[in-house]
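upload_14.txt (compact mmCIF, C-alpha atoms)
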# COMPACT_ATOMS: atom_id res chain seq x y z
CA MET A 27 -3.30 11.40 -13.18
CA LYS A 28 -1.36 14.56 -13.90
CA LYS A 29 0.28 15.36 -10.56
CA ILE A 30 1.21 13.62 -7.32
CA THR A 31 -1.74 15.11 -5.43
CA ASP A 32 -4.31 13.87 -7.96
CA VAL A 33 -6.60 11.34 -6.32
CA TYR A 34 -8.41 8.07 -6.66
CA LYS A 35 -11.87 7.98 -5.10
CA LEU A 36 -12.57 5.07 -2.78
CA SER A 37 -15.93 3.28 -2.73
CA ASN A 38 -17.07 5.42 0.23
CA GLY A 39 -16.16 8.66 -1.57
CA VAL A 40 -12.94 9.35 0.34
CA GLU A 41 -10.18 10.72 -1.90
CA ILE A 42 -6.69 9.20 -1.71
CA PRO A 43 -3.59 10.74 -3.39
CA CYS A 44 -2.51 8.62 -6.35
CA VAL A 45 1.08 7.97 -5.22
CA GLY A 46 1.99 7.11 -1.65
CA PHE A 47 5.30 7.27 0.18
CA GLY A 48 6.21 3.87 1.61
CA THR A 49 8.15 3.47 4.87
CA TRP A 50 8.69 -0.31 5.04
CA GLN A 51 12.22 -1.05 6.34
CA THR A 52 12.73 2.61 7.29
CA PRO A 53 14.24 2.76 10.78
CA ASP A 54 12.40 4.79 13.40
CA GLY A 55 13.88 7.99 14.74
CA GLU A 56 15.86 10.41 12.63
CA THR A 57 15.77 8.29 9.45
CA ALA A 58 11.98 8.03 9.48
CA ILE A 59 11.56 11.69 10.42
CA SER A 60 13.95 13.03 7.78
CA SER A 61 12.69 10.80 4.96
CA VAL A 62 9.01 11.56 5.59
CA LYS A 63 9.80 15.27 5.80
CA ALA A 64 11.72 15.01 2.52
CA ALA A 65 8.73 13.27 0.92
CA LEU A 66 6.33 15.96 2.11
CA GLU A 67 8.69 18.67 0.84
CA ALA A 68 8.78 16.88 -2.53
CA GLY A 69 4.99 17.08 -2.73
CA TYR A 70 3.82 13.70 -1.45
CA ARG A 71 0.62 13.93 0.54
CA HIS A 72 0.12 10.22 1.19
CA ILE A 73 2.26 8.40 3.80
CA ASP A 74 2.07 4.64 4.39
CA THR A 75 3.27 2.98 7.59
CA ALA A 76 2.36 -0.06 9.73
CA ALA A 77 2.63 -1.27 13.30
CA ILE A 78 5.22 -3.91 12.35
CA TYR A 79 7.41 -1.29 10.64
CA ARG A 80 8.07 0.03 14.15
CA ASN A 81 8.40 3.58 12.83
CA GLU A 82 4.95 5.01 13.52
CA SER A 83 6.37 7.40 16.14
CA GLY A 84 8.86 8.89 13.70
CA VAL A 85 6.29 9.07 10.91
CA GLY A 86 3.85 10.89 13.17
CA GLU A 87 6.51 13.28 14.41
CA ALA A 88 7.55 14.17 10.87
CA ILE A 89 3.96 14.90 9.87
CA ARG A 90 3.35 17.04 12.96
CA GLU A 91 6.58 19.00 12.43
CA SER A 92 6.07 19.46 8.67
CA GLY A 93 3.91 22.56 9.06
CA ILE A 94 1.40 21.05 6.63
CA ASP A 95 -2.20 20.93 7.76
CA ARG A 96 -3.13 17.44 8.97
CA GLY A 97 -6.16 17.42 6.71
CA GLU A 98 -3.92 17.66 3.64
CA ILE A 99 -1.98 14.47 4.43
CA PHE A 100 -3.42 10.99 3.90
CA VAL A 101 -2.00 8.58 6.49
CA THR A 102 -2.26 4.79 6.40
CA SER A 103 -1.30 2.24 9.03
CA LYS A 104 -1.92 -1.50 9.45
CA VAL A 105 -2.85 -3.90 12.21
CA TRP A 106 -0.25 -6.64 12.65
CA ASN A 107 -0.81 -10.40 12.63
CA LYS A 108 -0.45 -10.80 16.40
CA CYS A 109 -3.48 -8.53 16.81
CA ARG A 110 -5.97 -10.66 14.89
CA GLY A 111 -9.50 -10.87 16.26
CA TYR A 112 -11.77 -8.18 17.67
CA ASP A 113 -10.20 -7.44 21.07
CA LEU A 114 -6.56 -7.57 19.99
CA ALA A 115 -7.28 -5.48 16.89
CA MET A 116 -8.84 -2.80 19.08
CA GLU A 117 -5.78 -2.81 21.33
CA GLY A 118 -3.45 -2.66 18.32
CA PHE A 119 -5.29 0.34 16.93
CA GLU A 120 -4.95 2.24 20.22
CA ARG A 121 -1.19 1.58 20.27
CA THR A 122 -0.89 2.83 16.69
CA MET A 123 -2.78 6.01 17.51
CA SER A 124 -0.68 6.59 20.62
CA LYS A 125 2.50 6.38 18.55
CA LEU A 126 1.30 8.45 15.61
CA GLN A 127 -0.34 11.21 17.71
CA LEU A 128 -2.31 12.41 14.69
CA GLY A 129 -5.86 12.35 16.02
CA TYR A 130 -7.32 10.03 13.38
CA LEU A 131 -6.28 7.66 10.59
CA ASP A 132 -7.19 8.09 6.96
CA LEU A 133 -6.85 4.38 6.17
CA TYR A 134 -6.38 1.30 8.34
CA LEU A 135 -5.58 -2.10 6.84
CA ILE A 136 -5.40 -5.71 8.00
CA HIS A 137 -1.73 -6.34 7.18
CA TRP A 138 -1.95 -10.06 6.30
CA PRO A 139 -4.90 -12.44 6.22
CA ALA A 140 -5.27 -15.35 8.57
CA SER A 141 -5.04 -18.22 6.08
CA PRO A 142 -6.80 -21.58 5.86
CA GLU A 143 -3.38 -23.26 5.72
CA ARG A 144 -2.53 -22.07 9.24
CA PHE A 145 -5.83 -21.57 11.04
CA ASP A 146 -8.94 -23.75 11.12
CA ASP A 147 -10.90 -20.65 12.19
CA TRP A 148 -9.27 -18.32 9.66
CA LYS A 149 -12.55 -16.82 8.52
CA GLU A 150 -13.62 -16.04 12.08
CA LEU A 151 -10.22 -14.46 12.84
CA ASN A 152 -10.39 -12.19 9.80
CA LEU A 153 -14.03 -11.33 10.45
CA GLY A 154 -13.28 -10.49 14.09
CA THR A 155 -10.51 -8.12 13.04
CA TRP A 156 -12.80 -6.64 10.40
CA LYS A 157 -15.57 -6.11 12.93
CA ALA A 158 -13.21 -4.00 15.06
CA MET A 159 -12.12 -1.97 12.06
CA THR A 160 -15.71 -1.48 10.96
CA GLU A 161 -16.66 -0.11 14.38
CA LEU A 162 -13.66 2.24 14.39
CA TYR A 163 -14.63 3.41 10.91
CA LYS A 164 -18.24 4.02 11.88
CA SER A 165 -17.09 5.97 14.95
CA GLY A 166 -15.10 8.35 12.72
CA ARG A 167 -11.65 7.44 14.01
CA ILE A 168 -10.72 5.98 10.61
CA ARG A 169 -11.85 7.49 7.31
CA ALA A 170 -11.49 4.29 5.28
CA ILE A 171 -10.71 0.63 5.93
CA GLY A 172 -9.21 -2.14 3.87
CA VAL A 173 -6.81 -5.05 3.74
CA SER A 174 -3.33 -5.92 2.57
CA ASN A 175 -2.10 -9.11 0.90
CA PHE A 176 -5.62 -10.56 0.67
CA LEU A 177 -6.36 -12.92 -2.21
CA PRO A 178 -9.92 -13.38 -3.53
CA HIS A 179 -10.70 -16.30 -1.22
CA HIS A 180 -9.63 -14.18 1.78
CA LEU A 181 -11.70 -11.24 0.56
CA GLU A 182 -14.93 -13.10 -0.12
CA PRO A 183 -16.11 -13.44 3.52
CA LEU A 184 -15.49 -9.72 4.12
CA MET A 185 -17.49 -8.81 1.04
CA GLU A 186 -20.58 -10.21 2.74
CA THR A 187 -20.28 -7.92 5.78
CA GLU A 188 -21.88 -4.54 6.42
CA ILE A 189 -18.95 -2.61 4.97
CA ALA A 190 -16.74 -4.10 2.26
CA PRO A 191 -12.98 -3.41 2.05
CA MET A 192 -12.15 -0.23 0.17
CA VAL A 193 -8.46 -1.03 -0.51
CA ASP A 194 -6.30 -4.13 -1.03
CA GLN A 195 -2.59 -3.35 -0.80
CA ILE A 196 -0.68 -6.13 -2.56
CA GLU A 197 2.75 -6.80 -4.00
CA PHE A 198 2.48 -5.52 -7.55
CA HIS A 199 5.25 -4.65 -9.99
CA PRO A 200 6.55 -5.68 -13.41
CA GLY A 201 7.10 -9.41 -13.34
CA TYR A 202 4.57 -9.93 -10.55
CA MET A 203 1.12 -8.71 -11.50
CA GLN A 204 -1.29 -10.86 -9.43
CA SER A 205 -3.86 -10.50 -12.22
CA GLU A 206 -6.56 -12.63 -10.57
CA THR A 207 -6.55 -10.52 -7.40
CA VAL A 208 -6.39 -7.25 -9.33
CA GLU A 209 -9.36 -8.27 -11.48
CA TYR A 210 -11.37 -9.38 -8.44
CA CYS A 211 -10.74 -6.03 -6.77
CA ARG A 212 -11.73 -4.06 -9.85
CA LYS A 213 -14.98 -5.99 -10.18
CA ASN A 214 -15.79 -5.29 -6.54
CA GLY A 215 -14.83 -1.61 -6.33
CA ILE A 216 -11.67 -2.19 -4.28
CA LEU A 217 -8.67 0.04 -5.06
CA VAL A 218 -5.42 -1.87 -5.52
CA GLU A 219 -2.36 -0.34 -3.90
CA ALA A 220 1.03 -1.58 -5.10
CA TRP A 221 3.58 -2.26 -2.40
CA SER A 222 7.15 -2.77 -3.53
CA PRO A 223 6.48 -1.26 -6.99
CA LEU A 224 10.25 -1.43 -7.60
CA GLY A 225 10.48 -5.02 -6.36
CA THR A 226 12.61 -3.76 -3.44
CA GLY A 227 15.17 -2.78 -6.05
CA ARG A 228 15.00 -6.03 -8.01
CA MET A 229 13.45 -4.26 -11.02
CA LEU A 230 16.40 -1.94 -11.43
CA THR A 231 18.69 -4.46 -13.19
CA ASN A 232 16.14 -5.84 -15.65
CA GLU A 233 17.40 -5.27 -19.20
CA THR A 234 13.95 -4.69 -20.71
CA LEU A 235 13.14 -2.01 -18.13
CA ILE A 236 16.61 -0.47 -18.52
CA GLU A 237 16.08 -0.16 -22.29
CA LEU A 238 12.65 1.39 -21.79
CA GLY A 239 14.17 3.83 -19.32
CA LYS A 240 16.64 4.91 -21.98
CA LYS A 241 13.85 5.26 -24.54
CA TYR A 242 11.84 7.60 -22.29
CA ASP A 243 14.89 9.25 -20.71
CA ARG A 244 13.67 8.12 -17.29
CA SER A 245 15.01 5.90 -14.54
CA VAL A 246 13.84 2.30 -14.24
CA ALA A 247 12.14 3.32 -10.99
CA GLN A 248 10.16 6.01 -12.80
CA ILE A 249 9.15 3.51 -15.50
CA CYS A 250 7.88 1.06 -12.85
CA ILE A 251 5.93 3.71 -10.94
CA ARG A 252 4.42 5.11 -14.12
CA TRP A 253 3.48 1.59 -15.26
CA CYS A 254 1.67 1.03 -11.94
CA LEU A 255 -0.31 4.23 -12.40
CA GLN A 256 -1.27 3.38 -15.97
CA LYS A 257 -2.44 -0.04 -14.72
CA GLY A 258 -4.89 1.83 -12.47
CA THR A 259 -3.12 0.95 -9.23
CA LEU A 260 -1.69 3.20 -6.53
CA PRO A 261 2.10 2.77 -6.18
CA LEU A 262 3.90 3.14 -2.84
CA PRO A 263 7.58 3.73 -3.68
CA LYS A 264 10.00 3.82 -0.75
CA SER A 265 13.37 5.51 -0.35
CA VAL A 266 15.31 7.30 2.37
CA THR A 267 17.51 9.18 -0.11
CA PRO A 268 16.20 12.70 -0.83
CA SER A 269 17.23 12.66 -4.51
CA ARG A 270 15.46 9.33 -5.05
CA ILE A 271 12.39 10.50 -3.16
CA ILE A 272 12.15 13.46 -5.53
CA GLU A 273 12.89 11.33 -8.61
CA ASN A 274 10.15 8.85 -7.72
CA SER A 275 7.61 11.69 -7.65
CA LYS A 276 8.48 12.88 -11.18
CA VAL A 277 6.28 10.47 -13.13
CA PHE A 278 3.58 12.78 -14.47
CA ASP A 279 5.29 14.40 -17.44
CA PHE A 280 5.47 11.32 -19.67
CA GLU A 281 3.27 8.41 -20.71
CA ILE A 282 4.24 4.86 -21.62
CA THR A 283 2.73 3.82 -24.95
CA ASP A 284 0.27 0.94 -25.16
CA GLU A 285 2.89 -1.08 -27.03
CA ASP A 286 5.50 -0.58 -24.32
CA MET A 287 2.95 -1.25 -21.56
CA ALA A 288 2.30 -4.59 -23.27
CA ILE A 289 6.03 -5.35 -23.35
CA ILE A 290 6.22 -4.78 -19.59
CA ASP A 291 3.06 -6.83 -19.04
CA ARG A 292 4.67 -9.77 -20.88
CA LEU A 293 7.77 -9.88 -18.70
CA PRO A 294 8.22 -13.36 -17.21
CA ASN A 295 7.53 -13.89 -13.53
CA PHE A 296 10.54 -12.45 -11.71
CA GLY A 297 11.50 -10.23 -8.81
CA GLY A 298 8.75 -11.30 -6.44
CA SER A 299 9.37 -11.31 -2.70
CA GLY A 300 8.20 -14.90 -2.31
CA LEU A 301 5.80 -13.85 0.47
CA HIS A 302 2.64 -15.75 -0.40
CA PRO A 303 -0.33 -14.90 1.86
CA ASP A 304 -1.23 -18.58 2.35
CA LYS A 305 2.34 -19.69 3.06
CA ILE A 306 3.82 -17.06 5.35
CA GLU A 307 4.69 -18.26 8.85
CA PHE A 308 4.56 -14.96 10.71
Can you give me the file's structure in the form of structure tokens?
Amino acid sequence: MKKITDVYKLSNGVEIPCVGFGTWQTPDGETAISSVKAALEAGYRHIDTAAIYRNESGVGEAIRESGIDRGEIFVTSKVWNKCRGYDLAMEGFERTMSKLQLGYLDLYLIHWPASPERFDDWKELNLGTWKAMTELYKSGRIRAIGVSNFLPHHLEPLMETEIAPMVDQIEFHPGYMQSETVEYCRKNGILVEAWSPLGTGRMLTNETLIELGKKYDRSVAQICIRWCLQKGTLPLPKSVTPSRIIENSKVFDFEITDEDMAIIDRLPNFGGSGLHPDKIEF
């Protein structure tokens, strides 16, 4: 990857820009509009939102007002947990499209799996949601479909359906690598997207990462984003500050050595959100 518009190719051939702009915790309205516009001006062409972020309206407005052709911008949203199952997933998708006002989605994800710890019929719930997404995909309203926060045992039933997930968006950053899930996805042709690649800021005070930042004359954020790319994942950094938005995009003019990648890989488990897919209560 040599520039922010370079792409990964999904299993169905759809191309997805290699760095996305995250909007989790970005308030709707002017904050969402201005930050997404700033990202697009900085060169991002991949915007990630979700129904539960409650900022789809602002994200859509920013994209429409940007003056950039819709076909040049890759847009992702996600169906929320209260819309599990076929009928509710269909309704959730229509609400998302009404708020975004963008005509179609490039990628739609199941935000969190129904888990065996909470639901006796967890497989049926996930498969019902997946059936809705598959139909929307086949109708052309979504260019690609996938999941978020799915572990291998959540993924396995979907792998046996007509169309397998193309993406799994998981928490992934130094100190929290989820190696088993990443390896499962790689073996099955599923692209891993890294949400919270900066650990929601928790990476920024780590002494090892600070020292590596000094070595490469880069910020800790840039080290983390570059590390994600070199691990073959797609990072989704988030900021509402224009200077940080620009900084987070400047990760293509240096490369972390194999030795330093290994140092980052060996960091002890730290900085995770604590949101385990089988233990969440929302």
Let me know the centre plus edge lengths, in Å and rounded to one decimal, of a box with edges along x, y and z that contains all listed atoms of region 260-272 of chain A and is padded by 4 Å on every side, as JSON.
{"center_x": 7.9, "center_y": 8.1, "center_z": -2.1, "size_x": 27.2, "size_y": 18.7, "size_z": 16.9}
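Relative to CA of Ser222 (chain A), CA of Lys108 (chain A) is found at 22.8 Å.
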Find the spatial neighbours of region 91-94 of chain A, counting all atoms listed in the file, within a cut-off of 10 Å - ignore same-chain residues fewer than 6 positions away - and output them as a PyMOL selection string.
-> chain A and resi 59+62-64+66-67+71
Would you mind telling me which residue in A:Asp304, A:Glu197, A:Glu273, A:Asp147 lies nearest to Gly225 (chain A) when using only C-alpha atoms?
->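 For Gly225 (chain A), the nearest of the candidates is A:Glu197.
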May I have the residues within 9 Å of region 154-166 of chain A as a count of residues only, using all atoms listed in the file and disregarding those fewer than 2 positions away in the same chain?
-> 28
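CA of Leu262 (chain A) is found 17.8 Å from CA of Arg80 (chain A).
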Would you mind reading off the distance between CA of Ile249 (chain A) and CA of Leu235 (chain A), one decimal, in Å?
->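 Atom-to-atom, CA of Ile249 (chain A) to CA of Leu235 (chain A), that is 7.3 Å.
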Select, from A:Leu128, A:Ala58, A:Val173, A:Ala88, the residue with the minimum atom-to-atom distance to Lys104 (chain A), counting all atoms listed in the file.
-> A:Val173
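Shortest atom-to-atom contact with Val218 (chain A) among A:Leu177, A:Val246, A:Ile236, A:Leu301: A:Leu177, counting only C-alpha atoms.
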